[in-house]
Amino acid sequence: MRVIAELPHPECKISIFSMNQKYIVKFEQGTFEQSYKLAELDLSGGGVNDVFKILDETFIVSVIERFKQMRSDFTAAYKRHQF
């Protein structure tokens with residue numbers, strides 16, 4: 001798996017990897033991460049530029065909201081089982 005692009009964003013790190021005819025888009029925020037896989041054949045042939053088009057601001061906003069929910073869910077679970 002190799003990194004083929006990184007997109008700057010103030011709220012999370014966005015990396016795009018290439019592996020086995022797939023693009024893997026990874027979002028990282030602190031200790032949490034989300035990954036999305038896209039088969040190259042599912043895109044229109046524009047390569048990584050097609051991936052950039054999918055990663056519009058509307059999608060990124062929803063990813064950031066999901067990070068907030070992930071953090072909330074994890075915090076609640078941790079509090080239920082104080083270690």
# chains A, B, ... in the order shown; residues from 1 in each chain; ligands from 1
>>> select_by_dssp(residues="segment 29-74 of chain A", states="alpha helix (DSSP H)", output="list in words")
Val48, Asn49, Asp50, Val51, Phe52, Lys53, Ile54, Glu57, Thr58, Phe59, Ile60, Val61, Ser62, Val63, Ile64, Glu65, Arg66, Phe67, Lys68, Gln69, Met70, Arg71, Ser72, Asp73 and Phe74 of chain A
>>> residues_around(residues="Ile16 of chain A", least_positions_apart="6", cutoff="8 Å", atoms="only C-alpha atoms", output="CSV table (one decimal) with N, CA, C and O atoms, in the first residue's frame")
chain,number,residue,atom,x,y,z
A,3,VAL,N,1.1,5.6,-0.4
A,3,VAL,CA,0.4,6.9,-0.3
A,3,VAL,C,0.5,7.6,-1.7
A,3,VAL,O,1.7,7.7,-2.2
A,4,ILE,N,-0.6,7.9,-2.3
A,4,ILE,CA,-0.5,8.6,-3.6
A,4,ILE,C,-0.9,10.1,-3.5
A,4,ILE,O,-0.6,10.9,-4.4
A,5,ALA,N,-1.6,10.5,-2.4
A,5,ALA,CA,-2.0,11.9,-2.2
A,5,ALA,C,-2.3,12.1,-0.8
A,5,ALA,O,-2.8,11.2,-0.1
A,6,GLU,N,-2.2,13.4,-0.4
A,6,GLU,CA,-2.6,13.8,0.9
A,6,GLU,C,-3.3,15.2,0.6
A,6,GLU,O,-2.8,16.0,-0.1
A,23,TYR,N,-8.5,2.3,-4.4
A,23,TYR,CA,-8.1,3.5,-3.7
A,23,TYR,C,-8.6,3.4,-2.3
A,23,TYR,O,-9.8,3.0,-2.1
A,24,ILE,N,-7.8,3.7,-1.3
A,24,ILE,CA,-8.3,3.7,0.0
A,24,ILE,C,-8.1,5.1,0.5
A,24,ILE,O,-7.0,5.7,0.5
A,25,VAL,N,-9.2,5.7,0.9
A,25,VAL,CA,-9.2,7.1,1.5
A,25,VAL,C,-9.3,7.0,3.0
A,25,VAL,O,-10.3,6.4,3.5
A,26,LYS,N,-8.3,7.5,3.7
A,26,LYS,CA,-8.3,7.4,5.1
A,26,LYS,C,-8.3,8.8,5.7
A,26,LYS,O,-7.6,9.7,5.4
>>> atom_distance(atom1="atom CA of Tyr36 of chain A", atom2="atom CA of Lys68 of chain A")
17.7 Å
>>> closest_residue(among="A:Glu57, A:Glu40, A:Glu33, A:Asp50", to="Arg71 of chain A", atoms="only C-alpha atoms")
A:Glu33
>>> atom_distance(atom1="atom CA of Cys12 of chain A", atom2="atom CA of Gly46 of chain A")
25.1 Å
>>> atom_distance(atom1="atom CA of Val51 of chain A", atom2="atom CA of Ile64 of chain A")
18.0 Å
>>> select_by_dssp(residues="segment 6-64 of chain A", states="strand (DSSP E or B)", output="list of chain:residue names")
A:Glu6, A:Leu7, A:Lys13, A:Ile14, A:Ser15, A:Ile16, A:Phe17, A:Ser18, A:Met19, A:Lys22, A:Tyr23, A:Ile24, A:Val25, A:Lys26, A:Phe27, A:Glu28, A:Gln29, A:Phe32, A:Glu33, A:Gln34, A:Ser35, A:Tyr36, A:Lys37, A:Leu38, A:Ala39
>>> decode(residues="segment 8-32 of chain A", atoms="N, CA, C and O atoms", output="CSV table (one decimal), in the first residue's frame")
chain,number,residue,atom,x,y,z
A,8,PRO,N,-4.9,18.6,2.2
A,8,PRO,CA,-4.8,19.4,3.5
A,8,PRO,C,-6.3,19.7,3.9
A,8,PRO,O,-7.1,20.1,3.1
A,9,HIS,N,-6.5,19.6,5.2
A,9,HIS,CA,-7.8,20.0,5.8
A,9,HIS,C,-7.5,20.4,7.2
A,9,HIS,O,-6.8,19.7,7.9
A,10,PRO,N,-8.1,21.5,7.7
A,10,PRO,CA,-7.8,21.9,9.1
A,10,PRO,C,-8.3,21.0,10.2
A,10,PRO,O,-7.8,21.1,11.3
A,11,GLU,N,-9.3,20.2,9.9
A,11,GLU,CA,-9.9,19.4,11.0
A,11,GLU,C,-9.6,17.9,11.0
A,11,GLU,O,-9.9,17.2,12.0
A,12,CYS,N,-8.9,17.4,9.9
A,12,CYS,CA,-8.5,16.0,9.9
A,12,CYS,C,-7.4,15.8,8.8
A,12,CYS,O,-7.3,16.7,8.0
A,13,LYS,N,-6.7,14.7,9.0
A,13,LYS,CA,-5.7,14.4,8.0
A,13,LYS,C,-6.4,13.5,7.0
A,13,LYS,O,-7.1,12.5,7.3
A,14,ILE,N,-6.2,13.7,5.7
A,14,ILE,CA,-6.8,12.9,4.6
A,14,ILE,C,-5.7,12.4,3.7
A,14,ILE,O,-4.9,13.1,3.2
A,15,SER,N,-5.6,11.1,3.7
A,15,SER,CA,-4.6,10.4,2.9
A,15,SER,C,-5.3,9.5,1.9
A,15,SER,O,-6.3,8.8,2.2
A,16,ILE,N,-4.7,9.4,0.7
A,16,ILE,CA,-5.3,8.5,-0.3
A,16,ILE,C,-4.2,7.5,-0.7
A,16,ILE,O,-3.0,7.9,-1.0
A,17,PHE,N,-4.5,6.2,-0.6
A,17,PHE,CA,-3.6,5.1,-0.8
A,17,PHE,C,-4.0,4.4,-2.1
A,17,PHE,O,-5.2,4.4,-2.5
A,18,SER,N,-3.1,3.6,-2.7
A,18,SER,CA,-3.4,2.8,-3.8
A,18,SER,C,-2.9,1.4,-3.4
A,18,SER,O,-1.7,1.2,-3.0
A,19,MET,N,-3.8,0.4,-3.6
A,19,MET,CA,-3.4,-1.0,-3.3
A,19,MET,C,-4.4,-1.9,-4.1
A,19,MET,O,-5.6,-1.8,-3.9
A,20,ASN,N,-3.8,-2.9,-4.8
A,20,ASN,CA,-4.6,-4.0,-5.4
A,20,ASN,C,-5.8,-3.4,-6.2
A,20,ASN,O,-6.9,-3.9,-6.0
A,21,GLN,N,-5.6,-2.5,-7.1
A,21,GLN,CA,-6.6,-1.9,-8.0
A,21,GLN,C,-7.7,-1.2,-7.2
A,21,GLN,O,-8.9,-1.1,-7.6
A,22,LYS,N,-7.4,-0.7,-6.0
A,22,LYS,CA,-8.3,0.0,-5.1
A,22,LYS,C,-7.6,1.3,-4.6
A,22,LYS,O,-6.4,1.3,-4.4
A,23,TYR,N,-8.5,2.3,-4.4
A,23,TYR,CA,-8.1,3.5,-3.7
A,23,TYR,C,-8.6,3.4,-2.3
A,23,TYR,O,-9.8,3.0,-2.1
A,24,ILE,N,-7.8,3.7,-1.3
A,24,ILE,CA,-8.3,3.7,0.0
A,24,ILE,C,-8.1,5.1,0.5
A,24,ILE,O,-7.0,5.7,0.5
A,25,VAL,N,-9.2,5.7,0.9
A,25,VAL,CA,-9.2,7.1,1.5
A,25,VAL,C,-9.3,7.0,3.0
A,25,VAL,O,-10.3,6.4,3.5
A,26,LYS,N,-8.3,7.5,3.7
A,26,LYS,CA,-8.3,7.4,5.1
A,26,LYS,C,-8.3,8.8,5.7
A,26,LYS,O,-7.6,9.7,5.4
A,27,PHE,N,-9.3,9.0,6.6
A,27,PHE,CA,-9.4,10.2,7.4
A,27,PHE,C,-9.0,9.9,8.8
A,27,PHE,O,-9.4,8.9,9.4
A,28,GLU,N,-8.2,10.8,9.4
A,28,GLU,CA,-7.7,10.7,10.7
A,28,GLU,C,-8.0,11.9,11.5
A,28,GLU,O,-7.7,13.0,11.0
A,29,GLN,N,-8.4,11.7,12.7
A,29,GLN,CA,-8.6,12.9,13.7
A,29,GLN,C,-8.3,12.4,15.1
A,29,GLN,O,-9.1,11.6,15.6
A,30,GLY,N,-7.2,12.7,15.6
A,30,GLY,CA,-6.7,12.2,16.9
A,30,GLY,C,-6.5,10.7,16.8
A,30,GLY,O,-5.8,10.2,15.9
A,31,THR,N,-7.2,10.0,17.7
A,31,THR,CA,-7.0,8.6,17.8
A,31,THR,C,-8.1,7.8,17.0
A,31,THR,O,-8.1,6.6,16.9
A,32,PHE,N,-8.9,8.6,16.3
A,32,PHE,CA,-10.0,7.9,15.5
A,32,PHE,C,-9.6,8.0,14.0
A,32,PHE,O,-9.0,9.0,13.5
